[in-house]
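Here is coords-v9.txt, consisting of compact mmCIF, C-alpha atoms:
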# COMPACT_ATOMS: atom_id res chain seq x y z
CA MET U 408 104.19 66.03 -84.89
CA SER U 409 105.66 68.29 -82.25
CA LEU U 410 109.29 69.27 -82.59
CA ILE U 411 111.98 67.40 -80.67
CA PRO U 412 113.71 69.80 -78.23
CA ALA U 413 117.51 69.92 -78.38
CA THR U 414 119.93 71.20 -75.73
CA ILE U 415 123.57 72.07 -76.36
CA LEU U 416 125.85 71.37 -73.40
CA THR U 417 129.15 73.20 -73.49
CA GLY U 418 131.92 74.16 -71.11
CA PHE U 419 135.68 74.02 -70.90
CA LEU U 420 137.60 70.79 -70.35
CA GLY U 421 137.02 69.48 -66.85
CA SER U 422 134.11 71.77 -66.06
CA GLY U 423 131.79 68.89 -65.23
CA LYS U 424 129.83 68.34 -68.45
CA THR U 425 130.29 64.59 -68.25
CA THR U 426 129.20 64.49 -64.61
CA LEU U 427 126.04 66.39 -65.47
CA LEU U 428 125.40 64.18 -68.47
CA LYS U 429 125.89 61.01 -66.49
CA ARG U 430 123.25 62.18 -64.11
CA VAL U 431 120.88 62.89 -66.95
CA LEU U 432 121.62 59.51 -68.51
CA THR U 433 121.32 57.34 -65.44
CA GLU U 434 118.59 59.04 -63.44
CA ALA U 435 115.05 57.65 -63.49
CA HIS U 436 113.36 60.75 -64.86
CA GLY U 437 110.99 58.98 -67.20
CA GLN U 438 112.28 60.89 -70.23
CA LYS U 439 113.97 59.22 -73.14
CA ILE U 440 116.96 61.33 -74.04
CA ALA U 441 119.30 60.93 -76.98
CA VAL U 442 122.80 62.18 -76.22
CA ILE U 443 125.07 63.10 -79.10
CA GLU U 444 128.75 63.45 -78.33
CA ASN U 445 131.45 65.14 -80.32
CA GLU U 446 133.70 62.23 -79.77
CA PHE U 447 137.23 63.58 -79.94
CA GLY U 448 138.67 64.92 -76.72
CA GLU U 449 139.34 63.49 -73.31
CA GLU U 450 135.80 63.61 -72.18
CA ASN U 451 133.92 60.75 -73.79
CA ILE U 452 131.19 59.63 -71.47
CA ASP U 453 133.14 57.26 -69.34
CA ASN U 454 133.08 53.64 -70.29
CA ASP U 455 131.81 52.65 -66.89
CA ILE U 456 128.34 53.62 -68.01
CA LEU U 457 128.85 52.91 -71.69
CA VAL U 458 130.11 49.42 -72.09
CA ALA U 459 129.51 48.85 -75.74
CA ASP U 460 130.99 47.72 -78.97
CA THR U 461 132.46 50.84 -80.56
CA LYS U 462 131.31 49.75 -84.02
CA GLU U 463 127.74 50.36 -82.91
CA GLN U 464 126.93 54.00 -83.29
CA ILE U 465 123.84 54.09 -81.11
CA ILE U 466 123.77 52.59 -77.63
CA GLN U 467 120.61 52.07 -75.59
CA MET U 468 120.89 52.88 -71.91
CA ASN U 469 119.10 50.93 -69.23
CA ASN U 470 116.80 53.83 -68.36
CA GLY U 471 115.68 54.21 -71.95
CA CYS U 472 118.13 56.91 -72.91
CA ILE U 473 120.24 56.43 -76.00
CA CYS U 474 123.71 57.62 -76.72
CA CYS U 475 125.59 58.07 -79.95
CA THR U 476 128.82 59.64 -81.09
CA ILE U 477 129.16 61.88 -84.11
CA ARG U 478 131.01 59.97 -86.79
CA GLU U 479 130.19 62.44 -89.54
CA ASP U 480 128.78 65.88 -89.05
CA LEU U 481 126.08 66.81 -86.60
CA ARG U 482 123.53 67.37 -89.33
CA SER U 483 123.68 63.81 -90.60
CA THR U 484 123.63 62.39 -87.07
CA LEU U 485 120.48 64.40 -86.26
CA ALA U 486 118.87 63.37 -89.54
CA ASP U 487 119.77 59.74 -88.89
CA LEU U 488 118.25 59.82 -85.38
CA ALA U 489 115.06 61.45 -86.67
CA GLU U 490 114.76 58.82 -89.39
CA LYS U 491 115.17 55.95 -86.91
CA LYS U 492 112.59 57.57 -84.65
CA ARG U 493 110.14 57.88 -87.55
CA LYS U 494 110.58 54.20 -88.37
CA GLY U 495 110.06 53.27 -84.73
CA GLU U 496 113.56 51.76 -84.42
CA ILE U 497 114.45 53.95 -81.48
CA GLU U 498 112.43 56.15 -79.19
CA PHE U 499 113.49 59.45 -77.65
CA ASP U 500 111.82 62.65 -76.47
CA ARG U 501 114.72 65.07 -76.64
CA VAL U 502 118.34 65.45 -77.67
CA VAL U 503 121.37 66.68 -75.72
CA ILE U 504 124.51 67.52 -77.68
CA GLU U 505 127.73 67.60 -75.71
CA THR U 506 130.35 69.70 -77.47
CA THR U 507 134.05 69.17 -76.91
CA GLY U 508 135.63 71.42 -74.31
CA LEU U 509 137.30 73.50 -76.99
CA ALA U 510 134.26 73.97 -79.19
CA ASP U 511 132.56 77.16 -80.24
CA PRO U 512 128.86 76.38 -79.76
CA GLY U 513 127.89 78.79 -82.56
CA PRO U 514 128.09 76.44 -85.54
CA VAL U 515 126.32 73.73 -83.52
CA ALA U 516 123.45 76.17 -82.82
CA GLN U 517 123.38 77.29 -86.44
CA THR U 518 122.74 73.72 -87.63
CA PHE U 519 119.22 74.03 -86.25
CA PHE U 520 118.43 77.12 -88.28
CA MET U 521 120.30 76.63 -91.53
CA ASP U 522 119.02 73.26 -92.52
CA ASP U 523 115.33 72.99 -93.35
CA GLU U 524 115.22 69.25 -92.82
CA ILE U 525 116.62 69.63 -89.29
CA ALA U 526 114.48 72.70 -88.52
CA GLU U 527 111.34 70.75 -89.41
CA VAL U 528 112.08 68.07 -86.82
CA TYR U 529 114.06 69.73 -84.02
CA LEU U 530 113.69 72.83 -81.90
CA LEU U 531 116.83 74.26 -80.32
CA ASP U 532 115.87 74.80 -76.69
CA SER U 533 118.99 76.29 -75.10
CA ILE U 534 122.74 76.38 -74.71
CA LEU U 535 123.97 75.40 -71.24
CA THR U 536 127.51 76.34 -70.25
CA LEU U 537 129.40 74.82 -67.35
CA VAL U 538 132.11 76.93 -65.74
CA ASP U 539 134.64 75.42 -63.36
CA ALA U 540 135.02 77.84 -60.43
CA LYS U 541 138.47 76.56 -59.54
CA HIS U 542 140.03 77.07 -62.97
CA ALA U 543 137.68 79.63 -64.51
CA GLU U 544 139.84 82.68 -63.98
CA GLN U 545 142.79 81.23 -65.82
CA GLN U 546 140.66 79.66 -68.55
CA LEU U 547 138.75 82.88 -69.14
CA ASN U 548 142.00 84.85 -69.18
CA ASP U 549 143.81 82.49 -71.53
CA ARG U 550 141.27 80.88 -73.78
CA GLN U 551 138.88 82.65 -76.07
CA GLU U 552 136.86 79.44 -76.49
CA ALA U 553 136.02 79.57 -72.77
CA ARG U 554 134.90 83.20 -73.06
CA ARG U 555 132.82 82.48 -76.15
CA GLN U 556 131.08 79.59 -74.40
CA VAL U 557 129.99 82.04 -71.69
CA GLY U 558 128.79 84.53 -74.30
CA PHE U 559 126.58 81.92 -75.96
CA ALA U 560 124.95 80.61 -72.80
CA ASP U 561 121.26 80.73 -71.99
CA GLN U 562 122.04 79.26 -68.57
CA ILE U 563 125.38 79.09 -66.75
CA PHE U 564 126.14 76.40 -64.18
CA ILE U 565 129.17 77.04 -61.98
CA SER U 566 130.80 73.84 -60.74
CA LYS U 567 133.41 73.22 -58.02
CA THR U 568 132.40 76.27 -55.96
CA ASP U 569 133.17 74.22 -52.84
CA LEU U 570 136.86 74.27 -53.81
CA VAL U 571 137.30 78.05 -53.77
CA ALA U 572 136.68 80.91 -51.36
CA LYS U 573 133.32 82.67 -51.48
CA GLN U 574 134.95 85.92 -52.59
CA GLU U 575 136.41 84.19 -55.64
CA VAL U 576 133.01 82.80 -56.54
CA ASP U 577 131.44 86.25 -56.15
CA GLU U 578 134.08 87.77 -58.41
CA LEU U 579 133.53 85.05 -60.99
CA ILE U 580 129.75 85.61 -60.94
CA HIS U 581 130.35 89.33 -61.39
CA ARG U 582 132.71 88.77 -64.29
CA LEU U 583 130.38 86.33 -66.04
CA LYS U 584 127.53 88.79 -65.71
CA HIS U 585 129.54 91.44 -67.50
CA MET U 586 130.16 89.01 -70.32
CA ASN U 587 126.62 87.70 -70.55
CA PRO U 588 123.88 89.52 -68.61
CA ARG U 589 121.04 87.46 -70.02
CA ALA U 590 122.10 84.04 -68.73
CA PRO U 591 121.04 83.15 -65.18
CA GLN U 592 123.86 81.63 -63.13
CA LYS U 593 123.62 78.80 -60.65
CA ALA U 594 126.21 76.94 -58.58
CA VAL U 595 125.97 73.16 -59.02
CA HIS U 596 127.46 70.40 -56.95
CA PHE U 597 128.59 67.23 -58.75
CA GLY U 598 126.15 67.77 -61.57
CA GLU U 599 123.17 67.79 -59.22
CA VAL U 600 120.81 70.03 -61.12
CA PRO U 601 117.04 69.61 -61.20
CA LEU U 602 116.08 68.67 -64.75
CA SER U 603 113.65 71.59 -64.77
CA GLU U 604 116.75 73.81 -64.86
CA VAL U 605 118.31 71.86 -67.72
CA PHE U 606 115.42 71.30 -70.10
CA ASP U 607 112.64 73.41 -71.61
CA LEU U 608 114.40 76.68 -70.86
CA ARG U 609 113.29 78.14 -74.21
CA GLY U 610 116.43 80.17 -74.60
CA PHE U 611 115.89 80.36 -78.35
CA ASN U 612 112.19 81.12 -78.17
CA LEU U 613 111.43 84.38 -79.87
CA ASN U 614 109.37 85.60 -76.98
CA ALA U 615 108.70 89.11 -75.86
CA LYS U 616 110.25 88.62 -72.47
CA LEU U 617 113.80 89.79 -72.94
CA GLU U 618 115.63 88.01 -70.20
CA ILE U 619 118.26 90.47 -69.16
CA ASP U 620 119.03 91.17 -65.58
CA PRO U 621 116.85 94.23 -64.81
CA GLU U 622 119.63 95.88 -62.83
CA PHE U 623 121.92 95.43 -65.81
CA LEU U 624 119.42 97.35 -67.90
CA SER U 625 118.98 100.13 -65.38
CA ALA U 626 122.71 100.33 -64.75
CA ASP U 627 123.23 100.66 -68.44
CA ASP U 628 121.04 103.73 -68.68
CA HIS U 629 123.83 106.17 -68.01
CA ASP U 630 125.88 104.33 -70.58
CA HIS U 631 123.63 105.07 -73.52
CA GLY U 632 125.10 107.24 -76.19
CA HIS U 633 128.16 108.21 -74.16
CA ASP U 634 131.63 106.98 -74.60
CA HIS U 635 131.88 105.13 -71.31
CA ASP U 636 134.28 102.27 -71.33
CA HIS U 637 132.40 99.15 -70.26
CA ASP U 638 134.91 98.50 -67.55
CA HIS U 639 133.86 101.48 -65.50
CA ASP U 640 130.22 100.50 -65.46
CA HIS U 641 130.64 99.33 -61.96
CA ASP U 642 127.16 98.75 -60.74
CA HIS U 643 125.85 96.15 -63.17
CA ASP U 644 124.48 93.73 -60.72
CA HIS U 645 124.16 95.95 -57.71
CA VAL U 646 121.14 97.83 -56.61
CA HIS U 647 121.57 101.50 -57.44
CA GLY U 648 123.70 103.31 -54.95
CA GLU U 649 125.04 100.10 -53.49
CA HIS U 650 128.78 100.09 -53.36
CA CYS U 651 130.57 97.66 -55.66
CA ASP U 652 132.94 95.81 -53.37
CA HIS U 653 135.13 94.20 -55.99
CA PRO U 654 137.94 96.71 -56.28
CA HIS U 655 140.17 94.58 -58.44
CA HIS U 656 137.93 92.40 -60.52
CA HIS U 657 137.92 94.76 -63.47
CA ALA U 658 141.59 94.20 -64.06
CA HIS U 659 140.88 91.79 -66.87
CA ASP U 660 139.20 93.37 -69.83
CA ASP U 661 137.46 90.39 -71.42
CA ASP U 662 137.00 90.48 -75.18
CA VAL U 663 133.54 88.94 -74.76
CA LYS U 664 131.31 91.77 -73.62
CA SER U 665 127.72 92.78 -73.68
CA PHE U 666 125.97 96.06 -74.09
CA VAL U 667 122.40 97.22 -74.38
CA PHE U 668 120.73 99.61 -76.80
CA ARG U 669 117.44 101.21 -75.77
CA ALA U 670 115.33 103.81 -77.49
CA ASP U 671 111.88 105.31 -77.06
CA ARG U 672 111.51 106.55 -80.64
CA PRO U 673 110.32 103.84 -83.04
CA LEU U 674 112.74 102.11 -85.38
CA VAL U 675 112.24 102.37 -89.15
CA PRO U 676 112.01 98.76 -90.42
CA ALA U 677 113.83 99.26 -93.74
CA LYS U 678 116.68 101.23 -92.14
CA LEU U 679 117.10 98.68 -89.36
CA GLU U 680 117.12 95.77 -91.79
CA ASP U 681 119.79 97.42 -93.94
CA PHE U 682 121.93 98.34 -90.95
CA LEU U 683 121.76 94.94 -89.23
CA GLY U 684 122.31 93.20 -92.56
CA ALA U 685 125.50 95.18 -93.09
CA ILE U 686 126.67 94.67 -89.50
CA VAL U 687 126.32 90.87 -89.57
CA GLN U 688 128.16 90.75 -92.89
CA ILE U 689 131.17 92.40 -91.27
CA TYR U 690 130.99 91.37 -87.61
CA GLY U 691 128.84 88.22 -87.77
CA PRO U 692 131.57 85.79 -86.73
CA ARG U 693 132.22 87.93 -83.62
CA MET U 694 128.54 88.36 -82.74
CA LEU U 695 127.74 85.51 -80.37
CA ARG U 696 124.15 86.18 -79.32
CA TYR U 697 121.95 89.20 -79.83
CA LYS U 698 118.33 89.60 -78.94
CA GLY U 699 115.80 92.38 -78.83
CA VAL U 700 112.21 93.47 -78.29
CA LEU U 701 111.59 96.29 -80.74
CA ASN U 702 109.15 99.12 -81.20
CA MET U 703 108.86 99.29 -85.00
CA GLN U 704 107.25 102.12 -86.90
CA GLY U 705 103.91 101.05 -88.36
CA PHE U 706 103.51 98.00 -86.07
CA ASP U 707 101.07 97.85 -83.18
CA ARG U 708 102.81 94.72 -81.93
CA LYS U 709 106.22 94.13 -80.43
CA VAL U 710 108.77 92.75 -82.85
CA VAL U 711 111.05 90.16 -81.29
CA PHE U 712 114.36 89.36 -82.91
CA GLN U 713 117.47 87.36 -82.14
CA GLY U 714 120.56 86.06 -83.80
CA VAL U 715 123.57 83.78 -83.55
CA HIS U 716 126.59 84.86 -85.60
CA GLN U 717 125.32 85.76 -89.10
CA LEU U 718 121.89 84.21 -88.67
CA MET U 719 119.05 86.48 -87.62
CA GLY U 720 115.36 85.86 -87.19
CA SER U 721 112.43 88.02 -86.17
CA ASP U 722 108.84 87.46 -85.27
CA VAL U 723 105.82 89.57 -84.47
CA GLY U 724 105.12 89.32 -80.76
CA PRO U 725 102.15 90.39 -78.62
CA LYS U 726 100.43 93.76 -78.87
CA TRP U 727 101.77 96.63 -76.84
CA ALA U 728 99.54 96.85 -73.80
CA GLU U 729 97.44 99.93 -73.28
CA GLY U 730 99.53 102.55 -71.55
CA GLU U 731 102.72 100.45 -71.90
CA LYS U 732 105.75 102.50 -72.79
CA ARG U 733 106.92 101.52 -76.27
CA THR U 734 110.63 101.08 -75.83
CA SER U 735 113.07 99.12 -77.97
CA LYS U 736 115.67 97.11 -76.06
CA MET U 737 118.46 95.09 -77.60
CA VAL U 738 121.31 93.24 -76.01
CA PHE U 739 124.45 92.34 -77.97
CA ILE U 740 127.00 89.81 -76.72
CA GLY U 741 130.13 89.40 -78.78
CA VAL U 742 133.89 89.43 -79.15
CA ASP U 743 135.36 92.93 -79.37
CA LEU U 744 132.25 94.36 -80.98
CA PRO U 745 132.51 98.04 -81.96
CA LYS U 746 129.99 99.32 -79.46
CA ASP U 747 130.10 102.92 -80.68
CA ILE U 748 129.50 101.98 -84.31
CA LEU U 749 126.59 99.76 -83.34
CA LEU U 750 124.96 102.29 -81.03
CA GLN U 751 125.38 105.16 -83.50
CA GLY U 752 124.11 103.02 -86.36
CA LEU U 753 121.04 101.99 -84.41
CA GLU U 754 120.37 105.64 -83.47
CA GLN U 755 120.29 106.42 -87.19
CA CYS U 756 117.60 103.77 -87.69
CA LEU U 757 115.19 105.65 -85.42
CA ALA U 758 112.23 107.51 -86.90

As structure tokens, the full file:
Amino acid sequence: MSLIPATILTGFLGSGKTTLLKRVLTEAHGQKIAVIENEFGEENIDNDILVADTKEQIIQMNNGCICCTIREDLRSTLADLAEKKRKGEIEFDRVVIETTGLADPGPVAQTFFMDDEIAEVYLLDSILTLVDAKHAEQQLNDRQEARRQVGFADQIFISKTDLVAKQEVDELIHRLKHMNPRAPQKAVHFGEVPLSEVFDLRGFNLNAKLEIDPEFLSADDHDHGHDHDHDHDHDHDHVHGEHCDHPHHHAHDDDVKSFVFRADRPLVPAKLEDFLGAIVQIYGPRMLRYKGVLNMQGFDRKVVFQGVHQLMGSDVGPKWAEGEKRTSKMVFIGVDLPKDILLQGLEQCLA
């Protein structure tokens, strides 16, 4: 049986998660979707589409979707849904989990890796984060949860861009890219997003295509091994030589940041394993997402790895192509991570 894809939908209060969900739940897309809500918070899917007896945990929608609220923990809700599907009591093709606006998506993502029973049935597809353009600056300044949600994202949707000036939107895009260079960003209007941009994004696939903005990688070249403060890396998403016309947007030094490690010499597997093992023990709770395509000593294939908090996984990817330059690239996104310690430690893992 193929795995059931799961999508985590996150974003700060009022960012438009419910609007997006409503669209997914009421549109005639021919997919049967189970929506799981963390039910505390102001944002329960509004009762105008969910008129139901609250004692019933699972509600069938008229377009075949189903909706349920988490009464216990997520794990038991997922197990319960899978069991009902096996017995033919309910039918669904995929799951969407809406977190509360104040949630850290990390533990939700970890559920899919830590529990064998869940991992055998579900495949975590991606984490989608909605950012409200009108209130984002204040939320990102004031609330670490909002910054962490950006750090976790595989895809960022920016809502309410029609309510702010274009320059503000540009500055927001720039800021978000500093925090998370691997998540594509897209402005959305009233939750109108093609489902192809919501589902089957494979953000957690261990694939050899490391989705980091290429200009971010090239801009980061001069940053390698030197003690540059991240804030002065002005040209992240500008073509080289293009002037960065945001003179004041680096005023806020976000605690969620990203940086890239690259190396041409191969990594020694045992050294790398020891180093990363030690790092996640100490900094795991602050490590939001990290991902890499590695050139490992003794391997003729790429090694692909990624992690969420303390959980890491790796896989052997495709062979290095003939004539392809064997380079290791890793991106780390986290809260106040000690960049120098990480970069120096990784240097010491090289052959």

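Neighbouring residues of U:Arg693 at 7 Å or closer, counting all atoms listed in the file and skipping chain neighbours under 3 positions away, are U:Tyr690, U:His716, U:Gly741, U:Val742, U:Leu744.
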
For the residues selected in the previous step, produce a file with C-alpha atoms as a PDB file, in the coordinates of the input.
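What ended up in out.pdb:
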ATOM      1  CA  TYR U 690     130.990  91.370 -87.610  1.00  0.00           C
ATOM      2  CA  HIS U 716     126.590  84.860 -85.600  1.00  0.00           C
ATOM      3  CA  GLY U 741     130.130  89.400 -78.780  1.00  0.00           C
ATOM      4  CA  VAL U 742     133.890  89.430 -79.150  1.00  0.00           C
ATOM      5  CA  LEU U 744     132.250  94.360 -80.980  1.00  0.00           C
TER       6      LEU U 744
END

One number please: atom CA of U:Asp743 to atom CA of U:Gln545, in Å, one decimal.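 Separation of atom CA of U:Asp743 and atom CA of U:Gln545: 19.4 Å.
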
So, with all atoms listed in the file as the atoms that count, which of U:Arg609, U:Lys567, U:Lys678, U:Lys664 lies closest to U:Thr426?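 For U:Thr426, the nearest of the candidates is U:Lys567.
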
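For the pair atom CA of U:Glu552 and atom CA of U:Ala526, the separation is 26.3 Å.
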
Could you tell me which of U:Val515, U:Ala560, U:Val600, U:Leu757 comes closest to U:Asp671 if we count only C-alpha atoms?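 When distances to U:Asp671 are compared using only C-alpha atoms, the smallest one comes from U:Leu757.
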
Expressed in Å to a single decimal, how great is the separation between atom CA of U:Leu570 and atom CA of U:Leu537?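 Taking atom CA of U:Leu570 as the start and atom CA of U:Leu537 as the end point, the length is 15.5 Å.
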
Pick from U:Leu535, U:Leu753, U:Ala516, U:Ile563: nearest to U:Gln717, with all atoms listed in the file counted?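 Counting all atoms listed in the file, the residue closest to U:Gln717 is U:Ala516.
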
Nearest to U:Gly418 among U:Gln755, U:Gln713, U:Asn612, U:Thr507, with distances taken over all atoms listed in the file: which residue is it?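 Closest candidate: U:Thr507.
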
Close residues, U:Val663 itself excluded, 12 Å, only C-alpha atoms, min 6 positions apart in chain, as a PyMOL selection string: chain U and resi 547-548+550-559+582-588+637+693-696+739-746

Residues near U:Ile534, anyone? I mean within 7 Å using all atoms listed in the file, not counting same-chain ones fewer than 4 positions away, as number ranges by chain. U: 414-416, 559-562

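With all atoms listed in the file taken into account, the protein and nucleic acid residues at most 9 Å from U:Val503 (excluding it and anything under 2 positions from it in its own chain) are Pro412, Ala413, Thr414, Ile415, Leu416, Leu428, Ile440, Ala441, Val442, Ile443, Glu444, Arg501 and Glu505 of chain U.
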
I need the residue nearest U:Leu530 from this list: U:Met703, U:Val502, U:Lys593, U:Glu578. Use all atoms listed in the file for the distance. U:Val502

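Nearest to U:Arg430 of all the residues U:Arg493, U:Lys573, U:His596, U:Arg708 is U:His596, based on all atoms listed in the file.
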
Find the residues with any atom within 12 Å of (135.4, 71.3, -65.4); use all atoms listed in the file and the coordinates as given in the file, and write the answer as a VMD selection string. chain U and resid 417 to 427 449 to 450 507 to 509 536 to 543 546 553 564 to 568 595 to 598
